[in-house]
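Printed here is coords-v5.pdb (PDB, C-alpha atoms):
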```pdb
MODEL        1
ATOM      1  CA  MET A   1     111.514 194.807 -37.106
ATOM      2  CA  ASP A   2     108.079 194.129 -38.602
ATOM      3  CA  ILE A   3     104.935 194.306 -36.483
ATOM      4  CA  TYR A   4     101.636 192.896 -37.755
ATOM      5  CA  ILE A   5      98.395 194.070 -36.120
ATOM      6  CA  PHE A   6      95.242 192.093 -36.960
ATOM      7  CA  SER A   7      92.288 194.293 -36.094
ATOM      8  CA  HIS A   8      88.799 195.299 -37.285
ATOM      9  CA  ARG A   9      87.082 197.610 -39.763
ATOM     10  CA  ASN A  10      85.671 200.189 -37.374
ATOM     11  CA  ARG A  11      88.673 200.069 -35.057
ATOM     12  CA  ILE A  12      90.984 200.894 -37.951
ATOM     13  CA  LYS A  13      88.637 203.681 -39.041
ATOM     14  CA  TYR A  14      88.504 204.917 -35.447
ATOM     15  CA  LEU A  15      92.323 205.218 -35.426
ATOM     16  CA  MET A  16      92.124 207.524 -38.444
ATOM     17  CA  GLU A  17      91.006 211.104 -38.930
ATOM     18  CA  SER A  18      89.422 210.160 -42.255
ATOM     19  CA  TYR A  19      86.795 207.941 -40.590
ATOM     20  CA  GLY A  20      83.886 209.154 -42.693
ATOM     21  CA  ILE A  21      85.395 208.509 -46.132
ATOM     22  CA  PHE A  22      87.852 205.658 -45.640
ATOM     23  CA  ASP A  23      86.981 201.974 -45.680
ATOM     24  CA  LEU A  24      89.222 198.902 -45.609
ATOM     25  CA  PRO A  25      87.896 195.589 -46.993
ATOM     26  CA  ASN A  26      88.415 192.207 -45.352
ATOM     27  CA  THR A  27      92.165 191.372 -45.253
ATOM     28  CA  GLY A  28      92.977 194.925 -46.340
ATOM     29  CA  MET A  29      96.478 195.913 -45.212
ATOM     30  CA  ILE A  30      98.024 199.297 -44.408
ATOM     31  CA  LYS A  31     101.801 199.744 -44.239
ATOM     32  CA  LEU A  32     103.205 202.325 -41.815
ATOM     33  CA  VAL A  33     106.790 203.535 -42.256
ATOM     34  CA  GLY A  34     108.321 206.619 -40.665
ATOM     35  CA  ASN A  35     105.403 209.052 -40.332
ATOM     36  CA  SER A  36     103.432 207.959 -43.388
ATOM     37  CA  ALA A  37     101.028 205.150 -44.266
ATOM     38  CA  LYS A  38      99.437 203.683 -47.367
ATOM     39  CA  VAL A  39      97.201 200.794 -48.371
ATOM     40  CA  ILE A  40      99.309 198.039 -49.935
ATOM     41  CA  TYR A  41      96.661 195.310 -50.210
ATOM     42  CA  PRO A  42      94.371 195.254 -52.046
ATOM     43  CA  GLN A  43      95.023 198.118 -54.470
ATOM     44  CA  ASP A  44      91.462 199.308 -54.971
ATOM     45  CA  SER A  45      90.246 202.842 -55.699
ATOM     46  CA  ARG A  46      86.978 202.089 -53.869
ATOM     47  CA  LEU A  47      88.811 202.166 -50.534
ATOM     48  CA  CYS A  48      88.310 205.905 -50.359
ATOM     49  CA  ARG A  49      85.440 207.550 -52.197
ATOM     50  CA  GLU A  50      87.002 211.020 -52.237
ATOM     51  CA  CYS A  51      90.696 210.170 -52.691
ATOM     52  CA  ALA A  52      93.149 209.533 -55.491
ATOM     53  CA  PRO A  53      92.784 206.265 -57.472
ATOM     54  CA  LYS A  54      94.246 202.877 -56.607
ATOM     55  CA  GLY A  55      94.720 203.512 -52.911
ATOM     56  CA  HIS A  56      97.625 205.955 -53.311
ATOM     57  CA  PHE A  57      96.414 208.647 -50.940
ATOM     58  CA  PRO A  58      97.591 209.973 -47.578
ATOM     59  CA  LEU A  59      96.192 208.199 -44.532
ATOM     60  CA  VAL A  60      95.987 210.439 -41.472
ATOM     61  CA  PHE A  61      95.810 208.893 -38.003
ATOM     62  CA  THR A  62      94.367 210.540 -34.900
ATOM     63  CA  SER A  63      97.554 209.771 -32.974
ATOM     64  CA  LYS A  64     100.630 211.099 -34.787
ATOM     65  CA  PHE A  65     103.475 208.632 -35.153
ATOM     66  CA  ASN A  66     107.083 208.714 -36.279
ATOM     67  CA  LEU A  67     108.446 205.195 -36.402
ATOM     68  CA  PRO A  68     112.188 204.552 -36.080
ATOM     69  CA  PRO A  69     113.881 203.565 -39.365
ATOM     70  CA  PHE A  70     114.163 199.898 -38.405
ATOM     71  CA  LEU A  71     110.433 199.493 -37.658
ATOM     72  CA  THR A  72     107.532 198.794 -40.030
ATOM     73  CA  ILE A  73     103.935 198.278 -38.892
ATOM     74  CA  TYR A  74     101.315 196.415 -40.927
ATOM     75  CA  LEU A  75      97.735 197.151 -39.883
ATOM     76  CA  ILE A  76      95.395 194.435 -41.172
ATOM     77  CA  ARG A  77      91.634 193.939 -41.115
ATOM     78  CA  HIS A  78      90.519 190.365 -40.393
ATOM     79  CA  ALA A  79      89.112 188.147 -43.146
ATOM     80  CA  GLU A  80      85.385 187.654 -43.770
ATOM     81  CA  GLY A  81      83.600 186.610 -40.574
ATOM     82  CA  GLU A  82      80.324 184.760 -40.149
ATOM     83  CA  HIS A  83      78.632 188.018 -39.147
ATOM     84  CA  ASN A  84      79.740 189.737 -42.380
ATOM     85  CA  VAL A  85      77.464 187.549 -44.505
ATOM     86  CA  GLN A  86      74.334 188.128 -42.420
ATOM     87  CA  SER A  87      71.722 190.645 -43.473
ATOM     88  CA  PRO A  88      71.496 193.743 -41.184
ATOM     89  CA  LEU A  89      68.082 192.604 -39.890
ATOM     90  CA  LYS A  90      69.303 189.087 -39.129
ATOM     91  CA  ARG A  91      72.276 190.499 -37.234
ATOM     92  CA  ILE A  92      69.903 192.283 -34.869
ATOM     93  CA  TYR A  93      67.967 189.123 -33.947
ATOM     94  CA  SER A  94      70.700 186.499 -34.162
ATOM     95  CA  TRP A  95      73.911 188.342 -33.387
ATOM     96  CA  ILE A  96      76.941 186.066 -33.183
ATOM     97  CA  ARG A  97      78.817 187.119 -30.072
ATOM     98  CA  ASP A  98      82.295 186.199 -31.266
ATOM     99  CA  PRO A  99      82.089 184.936 -34.868
ATOM    100  CA  GLY A 100      84.797 182.959 -36.610
ATOM    101  CA  LEU A 101      85.774 183.056 -40.274
ATOM    102  CA  THR A 102      83.671 181.780 -43.149
ATOM    103  CA  PRO A 103      85.209 179.337 -45.682
ATOM    104  CA  HIS A 104      85.581 182.333 -47.999
ATOM    105  CA  GLY A 105      87.321 184.180 -45.167
ATOM    106  CA  VAL A 106      89.821 181.327 -44.842
ATOM    107  CA  ASN A 107      90.557 181.582 -48.579
ATOM    108  CA  GLN A 108      90.916 185.352 -48.276
ATOM    109  CA  THR A 109      93.458 184.854 -45.509
ATOM    110  CA  LYS A 110      95.527 182.466 -47.618
ATOM    111  CA  LYS A 111      95.644 185.062 -50.399
ATOM    112  CA  LEU A 112      96.713 187.656 -47.822
ATOM    113  CA  ALA A 113      99.481 185.321 -46.678
ATOM    114  CA  ASN A 114     100.688 185.032 -50.276
ATOM    115  CA  LYS A 115     100.932 188.823 -50.411
ATOM    116  CA  ILE A 116     102.886 188.901 -47.146
ATOM    117  CA  LYS A 117     105.249 186.220 -48.485
ATOM    118  CA  GLU A 118     106.374 188.743 -51.100
ATOM    119  CA  PHE A 119     108.134 190.864 -48.467
ATOM    120  CA  TYR A 120     108.346 188.674 -45.353
ATOM    121  CA  GLU A 121     111.930 188.001 -44.249
ATOM    122  CA  PRO A 122     112.378 184.985 -41.921
ATOM    123  CA  SER A 123     115.654 186.427 -40.612
ATOM    124  CA  LYS A 124     113.945 189.651 -39.557
ATOM    125  CA  GLN A 125     112.326 190.091 -36.133
ATOM    126  CA  SER A 126     108.543 189.879 -36.574
ATOM    127  CA  ILE A 127     105.867 190.347 -33.900
ATOM    128  CA  PHE A 128     102.196 189.496 -34.388
ATOM    129  CA  PHE A 129      99.328 191.140 -32.514
ATOM    130  CA  ALA A 130      95.620 190.298 -32.764
ATOM    131  CA  SER A 131      92.552 191.630 -31.022
ATOM    132  CA  ASP A 132      90.765 189.583 -28.380
ATOM    133  CA  LEU A 133      88.114 188.529 -30.894
ATOM    134  CA  HIS A 134      88.072 185.156 -32.638
ATOM    135  CA  ARG A 135      88.037 186.369 -36.252
ATOM    136  CA  ALA A 136      91.165 188.500 -35.855
ATOM    137  CA  GLN A 137      93.054 185.714 -34.078
ATOM    138  CA  GLU A 138      92.005 183.129 -36.650
ATOM    139  CA  THR A 139      93.174 185.387 -39.484
ATOM    140  CA  ALA A 140      96.536 185.848 -37.766
ATOM    141  CA  ARG A 141      96.932 182.146 -37.078
ATOM    142  CA  ILE A 142      96.240 181.114 -40.679
ATOM    143  CA  VAL A 143      98.765 183.689 -41.919
ATOM    144  CA  LEU A 144     101.412 182.302 -39.553
ATOM    145  CA  SER A 145     100.601 178.771 -40.682
ATOM    146  CA  GLU A 146     100.949 179.735 -44.349
ATOM    147  CA  LEU A 147     104.261 181.449 -43.589
ATOM    148  CA  VAL A 148     105.340 178.268 -41.747
ATOM    149  CA  ILE A 149     106.443 180.098 -38.614
ATOM    150  CA  ASN A 150     105.722 179.425 -34.930
ATOM    151  CA  ASN A 151     105.606 182.969 -33.563
ATOM    152  CA  LYS A 152     103.236 183.568 -30.685
ATOM    153  CA  ILE A 153     100.236 185.804 -31.259
ATOM    154  CA  ARG A 154     100.027 188.542 -28.636
ATOM    155  CA  ILE A 155      96.532 189.705 -27.754
ATOM    156  CA  LEU A 156      95.791 193.437 -27.524
ATOM    157  CA  PRO A 157      92.238 194.122 -26.313
ATOM    158  CA  ASN A 158      92.585 197.806 -27.264
ATOM    159  CA  ILE A 159      92.561 196.921 -30.971
ATOM    160  CA  GLY A 160      89.213 195.096 -30.751
ATOM    161  CA  GLU A 161      86.127 196.215 -32.662
ATOM    162  CA  VAL A 162      84.191 199.382 -31.795
ATOM    163  CA  ILE A 163      80.628 200.478 -32.513
ATOM    164  CA  PHE A 164      79.707 203.916 -33.825
ATOM    165  CA  LYS A 165      76.323 205.622 -33.818
ATOM    166  CA  ASN A 166      75.898 208.773 -35.881
ATOM    167  CA  GLY A 167      79.663 209.086 -36.132
ATOM    168  CA  VAL A 168      80.205 208.942 -32.372
ATOM    169  CA  LEU A 169      81.923 206.081 -30.535
ATOM    170  CA  GLU A 170      79.192 204.210 -28.704
ATOM    171  CA  SER A 171      80.871 201.128 -27.284
ATOM    172  CA  ILE A 172      83.857 198.818 -27.495
ATOM    173  CA  VAL A 173      82.991 195.262 -28.487
ATOM    174  CA  SER A 174      85.475 193.166 -26.523
ATOM    175  CA  PRO A 175      83.475 190.529 -24.629
ATOM    176  CA  PHE A 176      86.506 188.444 -23.715
ATOM    177  CA  VAL A 177      88.789 190.991 -22.046
ATOM    178  CA  PRO A 178      90.174 189.236 -18.949
ATOM    179  CA  GLU A 179      89.297 190.635 -15.526
ATOM    180  CA  ASN A 180      92.743 189.803 -14.247
ATOM    181  CA  GLU A 181      96.042 188.437 -15.489
ATOM    182  CA  SER A 182      95.402 184.853 -14.403
ATOM    183  CA  ARG A 183      92.177 184.675 -16.373
ATOM    184  CA  GLY A 184      94.036 186.031 -19.371
ATOM    185  CA  LYS A 185      96.497 183.144 -19.229
ATOM    186  CA  ASN A 186      93.587 180.712 -19.568
ATOM    187  CA  TYR A 187      92.165 182.561 -22.547
ATOM    188  CA  ASP A 188      93.615 180.132 -25.088
ATOM    189  CA  TYR A 189      90.225 178.613 -25.905
ATOM    190  CA  LEU A 190      91.339 177.801 -29.450
ATOM    191  CA  ASP A 191      94.448 176.006 -28.213
ATOM    192  CA  TRP A 192      96.756 178.465 -29.917
ATOM    193  CA  LYS A 193      99.926 180.022 -28.516
ATOM    194  CA  LEU A 194      98.249 183.275 -27.530
ATOM    195  CA  TYR A 195      98.911 185.607 -24.635
ATOM    196  CA  PHE A 196      97.610 188.966 -23.476
ATOM    197  CA  VAL A 197      99.357 192.303 -23.402
ATOM    198  CA  LYS A 198      97.450 194.465 -20.944
ATOM    199  CA  THR A 199      97.277 198.085 -22.117
ATOM    200  CA  ASP A 200      94.758 200.815 -22.780
ATOM    201  CA  LYS A 201      97.172 202.976 -24.789
ATOM    202  CA  HIS A 202      96.904 203.825 -28.448
ATOM    203  CA  PRO A 203      98.509 200.801 -30.207
ATOM    204  CA  PHE A 204     101.198 202.898 -31.930
ATOM    205  CA  ASP A 205     102.147 204.627 -28.678
ATOM    206  CA  PHE A 206     102.277 201.273 -26.919
ATOM    207  CA  ILE A 207     104.572 199.770 -29.557
ATOM    208  CA  ILE A 208     106.984 202.701 -29.627
ATOM    209  CA  GLN A 209     107.182 202.908 -25.832
ATOM    210  CA  ASN A 210     107.671 199.157 -25.376
ATOM    211  CA  LEU A 211     109.978 198.179 -28.228
ATOM    212  CA  ILE A 212     112.697 196.914 -25.912
ATOM    213  CA  TYR A 213     110.218 194.614 -24.124
ATOM    214  CA  LEU A 214     108.786 193.268 -27.389
ATOM    215  CA  LEU A 215     112.110 191.921 -28.624
TER
ENDMDL
END
```

Structure encoded using structure tokens:
Amino acid sequence: MDIYIFSHRNRIKYLMESYGIFDLPNTGMIKLVGNSAKVIYPQDSRLCRECAPKGHFPLVFTSKFNLPPFLTIYLIRHAEGEHNVQSPLKRIYSWIRDPGLTPHGVNQTKKLANKIKEFYEPSKQSIFFASDLHRAQETARIVLSELVINNKIRILPNIGEVIFKNGVLESIVSPFVPENESRGKNYDYLDWKLYFVKTDKHPFDFIIQNLIYLL
């Protein structure tokens, strides 16, 4: 089984012990197998300023995991969003509450889909998760479209973006988390086949503990 998680830069860094030195670019992808993980797209030595070249370095997560042999998790940062091209000062005065992708972000996503096509197996069970923010969902949807599959995208609010201040978690940026289950069912404001999975657990713990329900 392959599980794809479309999340955000700081959230991915927050899941890792190497927060201060690790950075994942737009559409960057981490592959998790067994109890190890590595960056498989793009292969870029700039991902970690103090690590071995070309992305081949150990990635340590705050929550230890040991995936069963039949399970692979792909942790993906969304493509370039409208907010990513704003200057820091402009972001302060004209912050986009839930930005979508830029045209360049759409192109980035198509290149990501081409990478996924290299190992994607239509006969294999695949599950797609995205955060409750537009840019992550849009990235996931374009990938599914390029793969020509109709899988539903399951929404996990606990993989949404986070804000840090001086290295400390300040707030979780998830403005569209539903107050109740019925509101969640009406969340499909982009007319996509999306639905919520309500959980506050670490995403890896949630997946391992709920494998039978995800099938």

For A:Phe65, please output as number ranges by chain all residues within 7 Å (counting only C-alpha atoms; exclusion window: fewer than 2 positions along the same chain). A: 35, 63, 67, 204

Using the chain letters and numbers from the file, which residues does the PyMOL selection byres ((chain A and resi 196) around 6) grab, as a list of chain:residue names? A:Arg154, A:Ile155, A:Tyr195, A:Val197

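Of the residues under consideration (A:Gly160, A:Gly28, A:Pro103, A:Pro69), A:Gly160 shows the shortest atom-to-atom contact distance to A:His134 when counting all atoms listed in the file.
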
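Taking atom CA of A:Asn210 as the reference point, atom CA of A:Tyr4 is found at 15.1 Å.
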
To verify the selection step, state as number ranges by chain which residues the PyMOL selection byres ((chain A and resi 41) around 6) yields on this input. A: 28-29, 39-40, 42-43

Got a sec: who's within 12 Å of A:Met1, counting all atoms listed in the file, leaving out chain neighbours fewer than 4 positions off, as a list in words? Val33, Leu67, Pro68, Pro69, Phe70, Leu71, Thr72, Ile73, Tyr74, Tyr120, Glu121, Pro122, Ser123, Lys124, Gln125, Ser126, Ile127, Phe128, Ile207, Ile208, Leu211, Ile212, Leu214 and Leu215 of chain A

Written as number ranges by chain, what is the full residue list that the PyMOL selection byres ((chain A and resi 200) around 12) yields on the file shown? A: 156-160, 177, 197-199, 201-207

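Here atom CA of A:Asp2 stands at a distance of 13.6 Å from atom CA of A:Ile153.
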
Atomic distance atom CA of A:Ala130 - atom CA of A:Arg11, expressed in Å with one decimal: 12.2 Å

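Proximity to A:Glu138 was assessed for A:Leu59, A:Lys110, A:Ile12, A:Ser36 counting all atoms listed in the file; the smallest distance is recorded for A:Lys110.
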
Exercise: A:Val143 partners within 10 Å, only C-alpha atoms, chain neighbours under 4 positions left out, as an NGL selection string: :A and (106 or 109-114 or 116-117 or 137-139 or 147-149)
